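Data block for my_file.json (JSON, C-alpha atoms):
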[["chain", "number", "residue", "atom", "x", "y", "z"],
["A", 236, "MET", "CA", 0.00, 0.00, 0.00],
["A", 237, "ALA", "CA", 1.40, 3.39, -1.01],
["A", 238, "THR", "CA", 1.88, 6.21, 1.45],
["A", 239, "PHE", "CA", -0.02, 9.47, 1.14],
["A", 240, "GLU", "CA", 3.13, 11.23, -0.06],
["A", 241, "GLU", "CA", 3.63, 8.65, -2.78],
["A", 242, "LEU", "CA", 0.02, 8.93, -3.89],
["A", 243, "TYR", "CA", 0.25, 12.70, -3.90],
["A", 244, "ARG", "CA", 3.33, 12.69, -6.13],
["A", 245, "GLN", "CA", 1.77, 10.12, -8.41],
["A", 246, "HIS", "CA", -1.57, 11.82, -8.98],
["A", 247, "VAL", "CA", -1.27, 15.53, -8.22],
["A", 248, "GLN", "CA", -0.59, 16.63, -11.79],
["A", 249, "ALA", "CA", -3.53, 14.73, -13.25],
["A", 250, "VAL", "CA", -5.85, 15.94, -10.51],
["A", 251, "PHE", "CA", -4.76, 19.54, -10.98],
["A", 252, "ARG", "CA", -5.20, 19.38, -14.76],
["A", 253, "PHE", "CA", -8.68, 17.98, -14.33],
["A", 254, "ALA", "CA", -9.53, 20.64, -11.76],
["A", 255, "LEU", "CA", -8.30, 23.34, -14.09],
["A", 256, "SER", "CA", -10.35, 21.96, -16.95],
["A", 257, "VAL", "CA", -13.59, 22.03, -14.98],
["A", 258, "ALA", "CA", -13.05, 25.26, -13.03],
["A", 259, "GLY", "CA", -11.10, 27.27, -15.58],
["A", 260, "LYS", "CA", -9.21, 29.26, -12.97],
["A", 261, "ARG", "CA", -5.81, 28.28, -11.69],
["A", 262, "GLU", "CA", -6.42, 29.47, -8.13],
["A", 263, "VAL", "CA", -9.69, 27.57, -7.92],
["A", 264, "ALA", "CA", -8.04, 24.48, -9.41],
["A", 265, "GLU", "CA", -5.38, 24.66, -6.73],
["A", 266, "ASP", "CA", -8.06, 24.81, -4.05],
["A", 267, "LEU", "CA", -9.97, 21.90, -5.58],
["A", 268, "THR", "CA", -6.80, 19.85, -5.81],
["A", 269, "SER", "CA", -5.97, 20.58, -2.18],
["A", 270, "GLU", "CA", -9.48, 19.63, -1.10],
["A", 271, "ALA", "CA", -9.28, 16.36, -3.01],
["A", 272, "PHE", "CA", -6.00, 15.36, -1.39],
["A", 273, "LEU", "CA", -7.24, 16.49, 2.00],
["A", 274, "ALA", "CA", -10.19, 14.16, 1.53],
["A", 275, "LEU", "CA", -7.79, 11.42, 0.49],
["A", 276, "HIS", "CA", -5.69, 11.99, 3.59],
["A", 277, "ARG", "CA", -8.76, 11.74, 5.80],
["A", 278, "ASN", "CA", -9.94, 8.56, 4.13],
["A", 279, "LEU", "CA", -6.63, 6.93, 3.32],
["A", 280, "ALA", "CA", -7.19, 3.91, 5.50],
["A", 281, "ALA", "CA", -10.66, 3.30, 4.15],
["A", 282, "ILE", "CA", -10.31, 3.69, 0.40],
["A", 283, "ASP", "CA", -9.25, 1.14, -2.17],
["A", 284, "GLN", "CA", -6.11, 2.60, -3.74],
["A", 285, "SER", "CA", -6.83, 0.82, -6.98],
["A", 286, "GLN", "CA", -9.69, 3.33, -7.40],
["A", 287, "LEU", "CA", -7.20, 6.18, -7.75],
["A", 288, "PRO", "CA", -7.04, 8.60, -9.40],
["A", 289, "GLY", "CA", -10.74, 8.20, -10.20],
["A", 290, "TRP", "CA", -11.71, 8.69, -6.58],
["A", 291, "LEU", "CA", -9.77, 11.98, -6.47],
["A", 292, "LEU", "CA", -11.33, 13.17, -9.72],
["A", 293, "THR", "CA", -14.78, 12.46, -8.34],
["A", 294, "VAL", "CA", -13.99, 14.62, -5.33],
["A", 295, "VAL", "CA", -12.82, 17.38, -7.64],
["A", 296, "ARG", "CA", -15.92, 17.05, -9.79],
["A", 297, "ASN", "CA", -18.22, 17.32, -6.75],
["A", 298, "ARG", "CA", -16.29, 20.23, -5.29],
["A", 299, "ALA", "CA", -16.30, 21.97, -8.68],
["A", 300, "ARG", "CA", -20.05, 21.59, -8.86],
["A", 301, "ASP", "CA", -20.31, 23.19, -5.43],
["A", 302, "TRP", "CA", -17.98, 25.96, -6.53],
["A", 303, "TRP", "CA", -20.03, 26.79, -9.58],
["A", 304, "ARG", "CA", -23.13, 26.72, -7.45],
["A", 305, "ARG", "CA", -21.59, 29.23, -5.11],
["A", 306, "GLN", "CA", -20.90, 31.57, -7.93],
["A", 307, "MET", "CA", -23.62, 34.11, -8.10],
["A", 308, "VAL", "CA", -23.69, 33.84, -11.86],
["A", 309, "GLU", "CA", -26.37, 31.18, -12.02],
["A", 310, "ARG", "CA", -29.39, 33.34, -12.43],
["A", 311, "ARG", "CA", -27.63, 35.79, -14.70],
["A", 312, "TYR", "CA", -26.29, 33.11, -17.02],
["A", 313, "ALA", "CA", -29.46, 31.10, -16.88],
["A", 314, "GLU", "CA", -31.31, 34.04, -18.36],
["A", 315, "GLN", "CA", -28.53, 35.32, -20.58],
["A", 316, "PHE", "CA", -27.65, 32.10, -22.34],
["A", 317, "ALA", "CA", -31.06, 30.71, -23.06],
["A", 318, "ALA", "CA", -30.97, 29.21, -26.50],
["A", 319, "ALA", "CA", -31.62, 31.66, -29.27],
["A", 320, "PRO", "CA", -31.30, 31.06, -32.99],
["A", 321, "GLU", "CA", -28.07, 32.35, -34.44],
["A", 322, "PRO", "CA", -28.41, 34.77, -37.33],
["A", 323, "GLU", "CA", -26.60, 33.99, -40.54],
["A", 324, "ALA", "CA", -22.86, 33.87, -39.93],
["A", 325, "PRO", "CA", -20.49, 35.93, -42.09],
["A", 326, "PRO", "CA", -18.36, 33.93, -44.58],
["A", 327, "VAL", "CA", -15.21, 34.14, -42.49],
["A", 328, "GLU", "CA", -17.03, 32.60, -39.52],
["A", 329, "ARG", "CA", -18.34, 29.76, -41.65],
["A", 330, "TRP", "CA", -14.80, 29.23, -42.92],
["A", 331, "LEU", "CA", -13.42, 29.22, -39.37],
["A", 332, "LEU", "CA", -15.96, 26.64, -38.25],
["A", 333, "ASP", "CA", -16.17, 24.46, -41.34],
["A", 334, "SER", "CA", -12.90, 24.59, -43.28],
["A", 335, "THR", "CA", -11.37, 21.15, -43.54],
["A", 336, "ASP", "CA", -7.95, 22.77, -43.82],
["A", 337, "LEU", "CA", -8.14, 23.89, -40.19],
["A", 338, "LYS", "CA", -7.60, 21.65, -37.22],
["A", 339, "GLN", "CA", -9.46, 22.12, -33.97],
["A", 340, "VAL", "CA", -6.48, 23.86, -32.42],
["A", 341, "HIS", "CA", -6.47, 26.44, -35.22],
["A", 342, "ARG", "CA", -10.17, 27.15, -34.81],
["A", 343, "VAL", "CA", -9.79, 27.65, -31.07],
["A", 344, "CYS", "CA", -6.75, 29.88, -31.38],
["A", 345, "LEU", "CA", -8.37, 31.98, -34.12],
["A", 346, "ALA", "CA", -11.60, 32.40, -32.19],
["A", 347, "LEU", "CA", -9.94, 33.27, -28.91],
["A", 348, "ARG", "CA", -7.52, 35.68, -30.56],
["A", 349, "TYR", "CA", -9.63, 37.53, -33.10],
["A", 350, "VAL", "CA", -13.19, 37.08, -31.84],
["A", 351, "GLN", "CA", -12.66, 37.15, -28.09],
["A", 352, "GLY", "CA", -9.61, 39.39, -28.25],
["A", 353, "MET", "CA", -7.28, 37.40, -26.05],
["A", 354, "THR", "CA", -3.53, 37.79, -25.90],
["A", 355, "ARG", "CA", -1.35, 34.83, -26.80],
["A", 356, "ALA", "CA", -0.59, 34.36, -23.11],
["A", 357, "GLU", "CA", -4.31, 34.24, -22.28],
["A", 358, "ILE", "CA", -4.88, 31.68, -25.01],
["A", 359, "ALA", "CA", -1.97, 29.59, -23.77],
["A", 360, "ALA", "CA", -3.38, 29.62, -20.25],
["A", 361, "ARG", "CA", -6.73, 28.34, -21.46],
["A", 362, "THR", "CA", -5.54, 25.71, -23.90],
["A", 363, "GLY", "CA", -2.48, 24.25, -22.22],
["A", 364, "LEU", "CA", -0.37, 25.25, -25.22],
["A", 365, "THR", "CA", 2.77, 27.32, -24.88],
["A", 366, "GLU", "CA", 2.78, 30.89, -26.16],
["A", 367, "MET", "CA", 5.14, 29.82, -28.92],
["A", 368, "GLN", "CA", 2.75, 27.07, -29.96],
["A", 369, "VAL", "CA", -0.13, 29.52, -29.97],
["A", 370, "LYS", "CA", 1.88, 31.89, -32.14],
["A", 371, "GLY", "CA", 2.76, 29.09, -34.55],
["A", 372, "HIS", "CA", -0.81, 27.88, -34.85],
["A", 373, "LEU", "CA", -2.03, 31.42, -35.46],
["A", 374, "GLN", "CA", 0.59, 32.04, -38.13],
["A", 375, "TYR", "CA", -0.39, 28.87, -39.93],
["A", 376, "ALA", "CA", -4.08, 29.63, -39.64],
["A", 377, "LEU", "CA", -3.58, 33.17, -40.95],
["A", 378, "THR", "CA", -1.78, 31.76, -43.98],
["A", 379, "LEU", "CA", -4.80, 29.59, -44.69],
["A", 380, "LEU", "CA", -7.11, 32.53, -44.05],
["A", 381, "ARG", "CA", -5.26, 34.61, -46.61],
["A", 382, "LYS", "CA", -5.46, 31.87, -49.20],
["A", 383, "ALA", "CA", -9.11, 31.19, -48.55],
["A", 384, "HIS", "CA", -10.15, 34.81, -48.74],
["A", 385, "GLY", "CA", -7.75, 36.09, -51.36],
["A", 386, "VAL", "CA", -5.80, 38.41, -49.09],
["A", 387, "GLU", "CA", -2.59, 39.45, -50.83],
["A", 388, "GLU", "CA", 0.67, 38.89, -48.98],
["A", 389, "THR", "CA", 2.95, 41.94, -48.93],
["B", 140, "MET", "CA", -11.91, 40.83, -22.51],
["B", 141, "SER", "CA", -10.47, 43.27, -24.97],
["B", 142, "THR", "CA", -10.03, 43.28, -28.72],
["B", 143, "ASN", "CA", -6.89, 45.32, -28.42],
["B", 144, "ARG", "CA", -5.37, 45.46, -31.87],
["B", 145, "ASP", "CA", -2.26, 47.06, -30.41],
["B", 146, "ASP", "CA", -1.41, 43.51, -29.41],
["B", 147, "TRP", "CA", -1.47, 42.32, -33.04],
["B", 148, "ASP", "CA", 1.72, 42.07, -35.05],
["B", 149, "ARG", "CA", 2.18, 43.22, -38.62],
["B", 150, "GLU", "CA", 1.27, 39.88, -40.12],
["B", 151, "GLU", "CA", -1.98, 39.75, -38.19],
["B", 152, "ARG", "CA", -2.95, 43.26, -39.21],
["B", 153, "GLN", "CA", -2.29, 42.51, -42.86],
["B", 154, "ALA", "CA", -4.17, 39.24, -42.84],
["B", 155, "LEU", "CA", -7.23, 40.72, -41.17],
["B", 156, "ALA", "CA", -7.31, 44.16, -42.74],
["B", 157, "ASP", "CA", -9.67, 43.26, -45.58],
["B", 158, "LEU", "CA", -11.82, 41.10, -43.33],
["B", 159, "GLU", "CA", -12.25, 43.55, -40.51],
["B", 160, "ASP", "CA", -15.96, 44.06, -41.12],
["B", 161, "GLN", "CA", -16.60, 40.35, -40.93],
["B", 162, "PHE", "CA", -14.57, 39.96, -37.75],
["B", 163, "ASP", "CA", -16.41, 42.90, -36.22],
["B", 164, "GLU", "CA", -19.66, 41.16, -37.06],
["B", 165, "MET", "CA", -18.38, 37.95, -35.47],
["B", 166, "ARG", "CA", -17.41, 39.81, -32.30],
["B", 167, "GLN", "CA", -20.86, 41.34, -32.08],
["B", 168, "ARG", "CA", -22.54, 38.00, -32.69],
["B", 169, "HIS", "CA", -20.57, 36.33, -29.91],
["B", 170, "ALA", "CA", -20.20, 39.18, -27.45],
["B", 171, "GLY", "CA", -22.73, 37.61, -25.10],
["B", 172, "ASP", "CA", -21.51, 34.03, -25.34],
["B", 173, "PRO", "CA", -20.47, 32.24, -22.15],
["B", 174, "PRO", "CA", -16.73, 32.31, -21.46],
["B", 175, "ILE", "CA", -14.69, 29.31, -22.52],
["B", 176, "GLU", "CA", -14.28, 28.17, -18.91],
["B", 177, "LEU", "CA", -18.03, 27.91, -18.55],
["B", 178, "LEU", "CA", -18.43, 26.13, -21.88],
["B", 179, "ARG", "CA", -15.89, 23.50, -20.90],
["B", 180, "ALA", "CA", -17.41, 23.10, -17.45],
["B", 181, "ALA", "CA", -20.77, 22.50, -19.10],
["B", 182, "ARG", "CA", -19.22, 19.96, -21.43],
["B", 183, "ALA", "CA", -17.76, 18.21, -18.38],
["B", 184, "GLN", "CA", -21.22, 18.24, -16.77],
["B", 185, "VAL", "CA", -20.00, 19.87, -13.57],
["B", 186, "LEU", "CA", -22.35, 22.86, -13.45],
["B", 187, "PRO", "CA", -25.35, 23.22, -11.17],
["B", 188, "ASP", "CA", -28.53, 22.05, -12.86],
["B", 189, "ASP", "CA", -30.00, 25.41, -13.88],
["B", 190, "LEU", "CA", -26.73, 26.68, -15.23],
["B", 191, "GLN", "CA", -25.96, 23.34, -16.88],
["B", 192, "THR", "CA", -29.27, 23.44, -18.70],
["B", 193, "SER", "CA", -28.89, 26.97, -20.00],
["B", 194, "VAL", "CA", -25.29, 26.59, -21.12],
["B", 195, "SER", "CA", -26.05, 23.22, -22.69],
["B", 196, "GLU", "CA", -28.88, 24.82, -24.63],
["B", 197, "HIS", "CA", -26.52, 27.54, -25.74],
["B", 198, "LEU", "CA", -23.98, 24.93, -26.83],
["B", 199, "ALA", "CA", -26.63, 23.12, -28.82],
["B", 200, "ALA", "CA", -27.43, 26.33, -30.68],
["B", 201, "SER", "CA", -23.93, 27.75, -31.17],
["B", 202, "ALA", "CA", -21.37, 26.11, -33.42],
["B", 203, "MET", "CA", -18.78, 28.64, -32.30],
["B", 204, "SER", "CA", -19.22, 27.75, -28.64],
["B", 205, "ARG", "CA", -19.15, 24.03, -29.41],
["B", 206, "THR", "CA", -15.83, 24.62, -31.14],
["B", 207, "LEU", "CA", -14.43, 26.40, -28.11],
["B", 208, "ALA", "CA", -15.72, 23.80, -25.69],
["B", 209, "ARG", "CA", -13.82, 21.01, -27.40],
["B", 210, "ARG", "CA", -10.24, 20.53, -26.31],
["B", 211, "PRO", "CA", -7.71, 20.73, -29.15],
["B", 212, "ALA", "CA", -5.89, 17.46, -29.79],
["B", 213, "GLY", "CA", -2.40, 17.59, -28.34],
["B", 214, "ALA", "CA", -3.16, 20.35, -25.87],
["B", 215, "SER", "CA", -2.89, 19.57, -22.20],
["B", 216, "GLU", "CA", -5.91, 20.14, -20.03],
["B", 217, "ALA", "CA", -6.13, 23.74, -18.97]]
Is it possible to give me this structure as structure tokens?
Amino acid sequence: MATFEELYRQHVQAVFRFALSVAGKREVAEDLTSEAFLALHRNLAAIDQSQLPGWLLTVVRNRARDWWRRQMVERRYAEQFAAAPEPEAPPVERWLLDSTDLKQVHRVCLALRYVQGMTRAEIAARTGLTEMQVKGHLQYALTLLRKAHGVEET
Amino acid sequence: MSTNRDDWDREERQALADLEDQFDEMRQRHAGDPPIELLRAARAQVLPDDLQTSVSEHLAASAMSRTLARRPAGASEA
């Protein structure tokens, strides 16, 4: 049977990445990860270690649900994001979403950069890519954009 | 969230110059969309019920948000 320290070293990265993916904020993910391992520490003698890291991820998932519930955004988002039909998209949006030349990573980088106005660092923080990777994907995607829409290179 | 073009380099400005109207239209169309963190949380089914329902409905109606909610292949979870 592994010690708590061994289990922590073995699973902390995966638990943190999962927490970040469901909470979206590094500081919250750190809290969720800490809570999961605190729960593990309290229940170490009782749990089946073969259930790890799934047991830890379940704790994170439940805590994340509580965290979102605590956010006072519920009512606002519930009203704001009710489904509404999208008006006709401009050609460049249809290209961004449908072009078979683009990979998913290009679509995400393009949308975050030029629709949502994020910096490369902000995109990197949300995708797990490095800033250099983000820059490379954007450069490639812009080359395709130019070709698709007849923008002259100068 | 800003759309600060001062952050864009020369290549970006050139590539987007002739398409600026279309990108402006895209920004307006998606100005009220949920943030990517919320989209991904909804995809992971970790939101409270009311919020999960509304964001899921939004995802069903918005191809752009569905694109953002999916994790790019090769990217680590973030």
Selected residue, from A:Arg277, A:Tyr375, A:Glu328, A:Arg300, that lies nearest to Asp160 of chain B when counting all atoms listed in the file: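 Using all atoms listed in the file, the shortest distance to Asp160 of chain B belongs to A:Glu328.
Between atom CA of Val343 of chain A and atom CA of Thr378 of chain A lies a distance of 15.7 Å.
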Of the listed residues A:Leu255, A:Ala271, A:Leu242, A:Leu291, that which approaches chain B most closely, counting only C-alpha atoms: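 Closest to chain B of all the choices is A:Leu255.
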Put the listed atoms of segment 361-369 of chain A in a box along x, y and z with 5 Å added on every side and give me the centre and edge lengths in Å to one decimal, as AutoDock Vina command-line options.
--center_x -0.8 --center_y 27.6 --center_z -25.7 --size_x 21.9 --size_y 16.6 --size_z 18.5
Gap from atom CA of Gln351 of chain A to atom CA of His169 of chain B - Å, one decimal: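 Distance between the two atoms: 8.2 Å.
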Do a neighbour search on segment 170-181 of chain B at 9 Å with only C-alpha atoms, toss out local chain neighbours closer than 2 positions, and write the hits as a PDB file with C-alpha atoms, in the frame of the given file.
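File produced: result.pdb:
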ATOM      1  CA  SER A 256     -10.350  21.960 -16.950  1.00  0.00           C
ATOM      2  CA  VAL A 257     -13.590  22.030 -14.980  1.00  0.00           C
ATOM      3  CA  ALA A 258     -13.050  25.260 -13.030  1.00  0.00           C
ATOM      4  CA  GLY A 259     -11.100  27.270 -15.580  1.00  0.00           C
ATOM      5  CA  LYS A 260      -9.210  29.260 -12.970  1.00  0.00           C
ATOM      6  CA  ALA A 299     -16.300  21.970  -8.680  1.00  0.00           C
ATOM      7  CA  TYR A 312     -26.290  33.110 -17.020  1.00  0.00           C
ATOM      8  CA  GLN A 315     -28.530  35.320 -20.580  1.00  0.00           C
ATOM      9  CA  PHE A 316     -27.650  32.100 -22.340  1.00  0.00           C
ATOM     10  CA  LEU A 347      -9.940  33.270 -28.910  1.00  0.00           C
ATOM     11  CA  VAL A 350     -13.190  37.080 -31.840  1.00  0.00           C
ATOM     12  CA  GLN A 351     -12.660  37.150 -28.090  1.00  0.00           C
ATOM     13  CA  ARG A 361      -6.730  28.340 -21.460  1.00  0.00           C
TER      14      ARG A 361
ATOM     15  CA  MET B 165     -18.380  37.950 -35.470  1.00  0.00           C
ATOM     16  CA  ARG B 166     -17.410  39.810 -32.300  1.00  0.00           C
ATOM     17  CA  GLN B 167     -20.860  41.340 -32.080  1.00  0.00           C
ATOM     18  CA  ARG B 168     -22.540  38.000 -32.690  1.00  0.00           C
ATOM     19  CA  ALA B 183     -17.760  18.210 -18.380  1.00  0.00           C
ATOM     20  CA  GLN B 184     -21.220  18.240 -16.770  1.00  0.00           C
ATOM     21  CA  VAL B 185     -20.000  19.870 -13.570  1.00  0.00           C
ATOM     22  CA  LEU B 186     -22.350  22.860 -13.450  1.00  0.00           C
ATOM     23  CA  LEU B 190     -26.730  26.680 -15.230  1.00  0.00           C
ATOM     24  CA  GLN B 191     -25.960  23.340 -16.880  1.00  0.00           C
ATOM     25  CA  THR B 192     -29.270  23.440 -18.700  1.00  0.00           C
ATOM     26  CA  VAL B 194     -25.290  26.590 -21.120  1.00  0.00           C
ATOM     27  CA  SER B 195     -26.050  23.220 -22.690  1.00  0.00           C
ATOM     28  CA  HIS B 197     -26.520  27.540 -25.740  1.00  0.00           C
ATOM     29  CA  LEU B 198     -23.980  24.930 -26.830  1.00  0.00           C
ATOM     30  CA  SER B 201     -23.930  27.750 -31.170  1.00  0.00           C
ATOM     31  CA  SER B 204     -19.220  27.750 -28.640  1.00  0.00           C
ATOM     32  CA  ARG B 205     -19.150  24.030 -29.410  1.00  0.00           C
ATOM     33  CA  LEU B 207     -14.430  26.400 -28.110  1.00  0.00           C
ATOM     34  CA  ALA B 208     -15.720  23.800 -25.690  1.00  0.00           C
ATOM     35  CA  ARG B 209     -13.820  21.010 -27.400  1.00  0.00           C
ATOM     36  CA  ARG B 210     -10.240  20.530 -26.310  1.00  0.00           C
TER      37      ARG B 210
END
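Among B:Asp157, B:Glu150, B:Asp188, B:Glu164, the residue with the shortest atom-to-atom distance to Asp301 of chain A, counting all atoms listed in the file, is B:Asp188.
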Spatial neighbours of Gln248 of chain A, 12 Å, only C-alpha atoms, chain gap at least 5 places, as JSON, numbers by chain: {"A": [242, 243, 253, 254, 255, 264, 265, 268, 269, 272, 288, 291, 292], "B": [215, 216, 217]}
